[in-house]
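**Student:** Starting off with a structure, shown below.
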Amino acid sequence: MLTFLNRIFVGPFYARNAGTFLVIILLAFGFLSAREHKALITACLGSWFLLALVFVLWGFYLVKVSSFVRQELVAPEHLFLQTLWLVPTPSRYALWLAIQIGLLAPVIAYGSWMIQLATVYEKWDSLTAIVAYLFCLIGVGAYLNDYRLRHPGPDTLRIPHLQLKLPYELFFPVYWLRHEPLSLVLTKAFSGLLLAGVCRLYPTDDYDQRLLLIGLLLAILGHAQVGGQVSAFEKKYLLLLPNLPFTWWQRLVRYGLTYGLIWLPELLILGRNYPAEIQPDYVIWLWLTGWGWLLLLHSLAYGYDILPERWLSGIFGGFIGGLLLIMFGVPVGAWLIIGWVSAVGIWYRTFPL
Amino acid sequence: MLTVSNFTKAYTGRTVLTLPELAFSSGIHYFRGGNGSGKTTFFRTVAGLLPFSGQIWLTDQYEISRDPVAYRLRVNYAEAEPLYPSFLTPRDLAGFVGQAKQAPAGQVEQIARILGVNTFWTQPTGTFSSGMLKKLSLLLALLGSPTLVLLDEPLTTLDVATAAKLFDYIRQLHTEQGVSFWLTSHQDVSLTGLTLRGIWQVGDGGIVPTT
């Protein structure tokens, strides 16, 4: 039964969050060497404040994991999982604990590294705290999963339904907000904070426009999973879409408007925070470039069942290549043209309707 | 009315339907076959939802791949087990599909009244019973000015009163506007009172006429 449950919860969780994991891997291991990581862990082991910050981040991860499991439990295609009720409570909890360990594997792996270093430096108080917190995360997660199983139709707080007629361009954004809010918040918070942070870096040194382009590259990669999410949403809930008499470009324009809306907050953030060294029109070009590249990622992901590891390695390769080209001075105009032309070209080739 | 030639539909290398040449005249046709025989696959493919190899011609004028927009404007489809985003209302979905299918003014409201969808017009579909979802899917499939409407299991979960109204409307569309209908059903279609032009048996990777 565990293998079966792993196929429902653990595998799809990693597949669906491949983009988020990419961002975490890039942040955690792309910019910091193993030596710097060890220094960071050592600092955390010696400071309760820093250790608490790590615990907060792990707590966010637990929230993400739990919301995924809760969402899967109430999905119509998983209603048969209600039969898990019939499994005796001790066995059911053992299953939830095993699933939770699988879902929390990245946190447990990093925690184990911290524990190993705590042993080396004989930081027994920090070690105890980490072990206790990890057990707590696993236990609380398992309890929350079982609670949702036993309370399948909870009276939870829901976003009220709009009384306005919803146009197609808003279908996915509203779905994202209502059904995958954590993914929306994490994606937009990462992208927005990154761009604002990059803008704030300018006064600290003699940076040129390339720094903003690198920030933009990372912000776009932070949205790498959105194309797959749009595709999965429409494949599941809007089966009739291919039957509608739209040309390839009419379909692309609609997606373009949806992505423009999703990407709009970044324009406001850039507009408010752009450094004095950068011209306002450059900010507009930068934002338009990001829009085009989001559409390109959509064209690449839509309608395909791409293996997460393949998508991840493609995105990672794209990041390395993009970083090199930015460092060699490829201007924003070139990125703008490449993004939009490729988005349109790939869409046309894939969907010649 | 619709011609299929050199048609092959396969899932991950496994061929499920092969139709060298098949012509369907206009009128109301009934497709029957056991579970998994390929009825839904055939309907979805004819509706343009699934890729396939071969040609599908509508009225000898529009080929599904060559004239994708004109073809889709004239071929509508209602799925057997409809599922929509839980936050959308019939108003949202009918507004979108009606605009895409170029529904004439007043048509959405008229069909909504016939099927009783107007009584839950602004309710989110997440609160719907399976019968209400079915009514909504039938409404969407009747929008515009179709030449052919594919109804996959239209009787499932539909209440008797609405089913009677639906078949009256189908009869009216067929008689007055020449619209063709294809139906699949595991129920007794003779109860619909519709005059069937053809009955087809789907199975063993093919489709053959039984009358």
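Quick note on naming: the chains in the structure tokens go A, B, ... in the order shown, residues restart at 1 in each chain, and ligands are numbered from 1 in order of appearance.
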What's around region 251-257 of chain A at 9 Å? Count only C-alpha atoms, leave out sequence neighbours fewer than 3 positions away in its own chain, and write the answer as a ChimeraX atom specification.

**Tutor:** /A:168-170,246-248,260-262,291-292,294-295,298-299,344,347-348

**Student:** Mind checking which residues fall within 10 Å of Gln187 (chain B), counting only C-alpha atoms, ignoring those fewer than 3 positions away in the same chain, and posting them as an mmCIF file with C-alpha atoms, in the first residue's frame?

**Tutor:**
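The file below, result-v6.cif, is the result:
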```cif
data_model
loop_
_atom_site.group_PDB
_atom_site.id
_atom_site.type_symbol
_atom_site.label_atom_id
_atom_site.label_comp_id
_atom_site.auth_asym_id
_atom_site.auth_seq_id
_atom_site.Cartn_x
_atom_site.Cartn_y
_atom_site.Cartn_z
ATOM 1 C CA ARG B 32 -22.958 1.439 -29.274
ATOM 2 C CA GLU B 153 -23.731 9.450 -23.012
ATOM 3 C CA PRO B 154 -26.297 12.308 -22.916
ATOM 4 C CA LEU B 155 -28.755 10.258 -20.833
ATOM 5 C CA THR B 156 -26.396 9.541 -17.957
ATOM 6 C CA THR B 184 -23.540 7.060 -27.520
ATOM 7 C CA SER B 190 -35.454 3.904 -28.405
ATOM 8 C CA LEU B 191 -36.887 5.709 -25.356
ATOM 9 C CA THR B 192 -35.624 9.002 -26.750
#
```

**Student:** Could you list, with a cut-off of 9 Å and counting only C-alpha atoms, the residues of chain A near chain B, each shown with its nearest atom pair and the distance in Å rounded to one decimal, rows sorted by chain and ascending number, as CSV?

**Tutor:**
```
residue,atom,partner,partner_atom,distance
A:His161,CA,B:Phe87,CA,7.0
A:Leu162,CA,B:Phe87,CA,8.9
A:Gln163,CA,B:Thr122,CA,7.5
A:Leu164,CA,B:Asp92,CA,8.7
A:Lys165,CA,B:Asp92,CA,5.4
A:Leu166,CA,B:Asp92,CA,5.4
A:Pro167,CA,B:Asp92,CA,6.8
A:Tyr168,CA,B:Phe96,CA,6.5
A:Phe171,CA,B:Leu88,CA,8.0
A:Val174,CA,B:Phe87,CA,8.2
A:Tyr175,CA,B:Pro85,CA,7.5
A:Arg178,CA,B:Phe87,CA,8.2
A:Phe233,CA,B:Pro85,CA,8.4
A:Glu234,CA,B:Pro85,CA,9.0
A:Lys236,CA,B:Leu83,CA,7.6
A:Tyr237,CA,B:Tyr84,CA,4.6
A:Leu238,CA,B:Tyr84,CA,6.2
A:Leu239,CA,B:Leu49,CA,7.6
A:Leu240,CA,B:Leu49,CA,7.3
A:Leu241,CA,B:Leu49,CA,8.0
A:Pro242,CA,B:Leu49,CA,5.2
A:Asn243,CA,B:Gly48,CA,5.5
A:Leu244,CA,B:Arg72,CA,6.0
A:Pro245,CA,B:Val69,CA,4.4
A:Phe246,CA,B:Val69,CA,5.9
A:Thr247,CA,B:Val69,CA,6.2
A:Pro352,CA,B:Ser65,CA,8.7
A:Leu353,CA,B:Pro68,CA,5.7
```

**Student:** Hey, what's within 12 Å of region 110-113 of chain A if we count only C-alpha atoms and toss same-chain stuff fewer than 6 positions away? As a ChimeraX atom specification, please?

**Tutor:** /A:25,28-29,34,37-38,40-42,44-45,51,54-55,58,104,119-120,126-135,137

**Student:** What would the file look like if the residues just selected were written as a PDB file, in the first residue's frame with N, CA and C atoms?

**Tutor:**
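The file below, part.pdb, is the result:
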```pdb
ATOM      1  N   ILE A  25      17.440  24.923  -5.387  1.00  0.00           N
ATOM      2  CA  ILE A  25      18.771  24.371  -5.692  1.00  0.00           C
ATOM      3  C   ILE A  25      19.694  25.480  -6.176  1.00  0.00           C
ATOM      4  N   ALA A  28      20.421  27.701  -3.121  1.00  0.00           N
ATOM      5  CA  ALA A  28      21.173  27.072  -2.038  1.00  0.00           C
ATOM      6  C   ALA A  28      22.518  26.526  -2.481  1.00  0.00           C
ATOM      7  N   PHE A  29      22.585  26.004  -3.703  1.00  0.00           N
ATOM      8  CA  PHE A  29      23.827  25.342  -4.108  1.00  0.00           C
ATOM      9  C   PHE A  29      24.476  25.972  -5.334  1.00  0.00           C
ATOM     10  N   ALA A  34      30.227  24.382  -1.181  1.00  0.00           N
ATOM     11  CA  ALA A  34      30.044  23.487  -0.021  1.00  0.00           C
ATOM     12  C   ALA A  34      30.704  24.093   1.218  1.00  0.00           C
ATOM     13  N   HIS A  37      28.557  26.761   2.588  1.00  0.00           N
ATOM     14  CA  HIS A  37      27.414  26.132   3.236  1.00  0.00           C
ATOM     15  C   HIS A  37      27.773  25.680   4.640  1.00  0.00           C
ATOM     16  N   LYS A  38      28.952  25.064   4.743  1.00  0.00           N
ATOM     17  CA  LYS A  38      29.409  24.595   6.054  1.00  0.00           C
ATOM     18  C   LYS A  38      29.539  25.779   7.013  1.00  0.00           C
ATOM     19  N   LEU A  40      27.858  28.550   6.835  1.00  0.00           N
ATOM     20  CA  LEU A  40      26.491  28.990   7.153  1.00  0.00           C
ATOM     21  C   LEU A  40      25.879  28.092   8.232  1.00  0.00           C
ATOM     22  N   ILE A  41      26.054  26.782   8.060  1.00  0.00           N
ATOM     23  CA  ILE A  41      25.496  25.832   9.040  1.00  0.00           C
ATOM     24  C   ILE A  41      26.167  26.040  10.400  1.00  0.00           C
ATOM     25  N   THR A  42      27.466  26.241  10.369  1.00  0.00           N
ATOM     26  CA  THR A  42      28.188  26.463  11.628  1.00  0.00           C
ATOM     27  C   THR A  42      27.642  27.700  12.339  1.00  0.00           C
ATOM     28  N   CYS A  44      24.644  28.902  12.031  1.00  0.00           N
ATOM     29  CA  CYS A  44      23.296  28.562  12.531  1.00  0.00           C
ATOM     30  C   CYS A  44      23.391  27.748  13.823  1.00  0.00           C
ATOM     31  N   LEU A  45      24.383  26.856  13.865  1.00  0.00           N
ATOM     32  CA  LEU A  45      24.528  26.010  15.056  1.00  0.00           C
ATOM     33  C   LEU A  45      24.935  26.842  16.284  1.00  0.00           C
ATOM     34  N   LEU A  51      19.220  29.707  13.744  1.00  0.00           N
ATOM     35  CA  LEU A  51      18.621  28.369  13.725  1.00  0.00           C
ATOM     36  C   LEU A  51      17.088  28.482  13.642  1.00  0.00           C
ATOM     37  N   VAL A  54      16.060  29.115  10.141  1.00  0.00           N
ATOM     38  CA  VAL A  54      16.065  27.869   9.363  1.00  0.00           C
ATOM     39  C   VAL A  54      14.786  27.081   9.663  1.00  0.00           C
ATOM     40  N   PHE A  55      14.418  27.031  10.927  1.00  0.00           N
ATOM     41  CA  PHE A  55      13.210  26.298  11.323  1.00  0.00           C
ATOM     42  C   PHE A  55      11.957  26.912  10.689  1.00  0.00           C
ATOM     43  N   TRP A  58      11.806  25.751   7.143  1.00  0.00           N
ATOM     44  CA  TRP A  58      11.348  24.361   7.106  1.00  0.00           C
ATOM     45  C   TRP A  58       9.840  24.295   7.399  1.00  0.00           C
ATOM     46  N   LEU A 104       9.208  15.131   3.026  1.00  0.00           N
ATOM     47  CA  LEU A 104      10.128  16.061   3.705  1.00  0.00           C
ATOM     48  C   LEU A 104      11.595  15.705   3.443  1.00  0.00           C
ATOM     49  N   THR A 119      27.543  17.323  15.410  1.00  0.00           N
ATOM     50  CA  THR A 119      28.292  16.275  16.110  1.00  0.00           C
ATOM     51  C   THR A 119      29.785  16.603  16.092  1.00  0.00           C
ATOM     52  N   VAL A 120      30.250  17.027  14.918  1.00  0.00           N
ATOM     53  CA  VAL A 120      31.688  17.367  14.787  1.00  0.00           C
ATOM     54  C   VAL A 120      32.058  18.502  15.744  1.00  0.00           C
ATOM     55  N   SER A 126      22.054  22.413  19.947  1.00  0.00           N
ATOM     56  CA  SER A 126      21.511  22.648  18.597  1.00  0.00           C
ATOM     57  C   SER A 126      21.107  21.326  17.954  1.00  0.00           C
ATOM     58  N   LEU A 127      21.936  20.307  18.159  1.00  0.00           N
ATOM     59  CA  LEU A 127      21.645  18.987  17.587  1.00  0.00           C
ATOM     60  C   LEU A 127      20.291  18.472  18.097  1.00  0.00           C
ATOM     61  N   THR A 128      20.109  18.594  19.422  1.00  0.00           N
ATOM     62  CA  THR A 128      18.842  18.127  20.018  1.00  0.00           C
ATOM     63  C   THR A 128      17.663  18.890  19.421  1.00  0.00           C
ATOM     64  N   ALA A 129      17.845  20.218  19.281  1.00  0.00           N
ATOM     65  CA  ALA A 129      16.757  21.043  18.736  1.00  0.00           C
ATOM     66  C   ALA A 129      16.424  20.623  17.306  1.00  0.00           C
ATOM     67  N   ILE A 130      17.456  20.378  16.504  1.00  0.00           N
ATOM     68  CA  ILE A 130      17.217  20.005  15.095  1.00  0.00           C
ATOM     69  C   ILE A 130      16.489  18.662  15.023  1.00  0.00           C
ATOM     70  N   VAL A 131      16.987  17.684  15.802  1.00  0.00           N
ATOM     71  CA  VAL A 131      16.364  16.348  15.780  1.00  0.00           C
ATOM     72  C   VAL A 131      14.900  16.456  16.231  1.00  0.00           C
ATOM     73  N   ALA A 132      14.681  17.194  17.318  1.00  0.00           N
ATOM     74  CA  ALA A 132      13.312  17.326  17.845  1.00  0.00           C
ATOM     75  C   ALA A 132      12.416  18.010  16.818  1.00  0.00           C
ATOM     76  N   TYR A 133      12.935  19.053  16.169  1.00  0.00           N
ATOM     77  CA  TYR A 133      12.125  19.800  15.208  1.00  0.00           C
ATOM     78  C   TYR A 133      11.782  18.941  13.991  1.00  0.00           C
ATOM     79  N   LEU A 134      12.771  18.138  13.549  1.00  0.00           N
ATOM     80  CA  LEU A 134      12.512  17.261  12.399  1.00  0.00           C
ATOM     81  C   LEU A 134      11.427  16.236  12.742  1.00  0.00           C
ATOM     82  N   PHE A 135      11.531  15.638  13.949  1.00  0.00           N
ATOM     83  CA  PHE A 135      10.506  14.684  14.387  1.00  0.00           C
ATOM     84  C   PHE A 135       9.141  15.373  14.457  1.00  0.00           C
ATOM     85  N   LEU A 137       8.161  18.037  12.719  1.00  0.00           N
ATOM     86  CA  LEU A 137       7.657  18.285  11.363  1.00  0.00           C
ATOM     87  C   LEU A 137       7.005  17.036  10.783  1.00  0.00           C
TER      88      LEU A 137
END
```

**Student:** As a PyMOL selection string, please: every residue in region 23-190 of chain B that a backbone DSSP assignment puts in helix (DSSP H, G or I).

**Tutor:** chain B and resi 39-46+68-74+90-100+107-115+117-120+125-127+130-141+160-177+189-190

**Student:** Could you pull the residues within 12 Å of region 199-210 of chain B, counting only C-alpha atoms, minus those fewer than 3 positions along the same chain, as number ranges by chain?

**Tutor:** B: 4, 7-10, 14-25, 27-43, 182-185, 189-190, 195-196

**Student:** Between CA of Asn145 (chain A) and CA of Ser66 (chain A), measure the distance and give it in Å to one decimal.

**Tutor:** 6.7 Å

**Student:** Ranking A:Arg92, A:Arg272, A:Lys64, A:Arg7 by minimum distance to Leu195 (chain A) and counting only C-alpha atoms, which one comes first?

**Tutor:**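 Under the stated criterion, the closest residue is A:Arg272.
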
**Student:** Looking only at the backbone, which of the residues in chain B does DSSP tag as strand (DSSP E or B), as a VMD selection string?

**Tutor:** chain B and resid 2 to 11 14 to 24 28 to 32 53 to 58 62 to 63 75 to 78 148 to 152 180 to 184 198 to 203 206 to 209
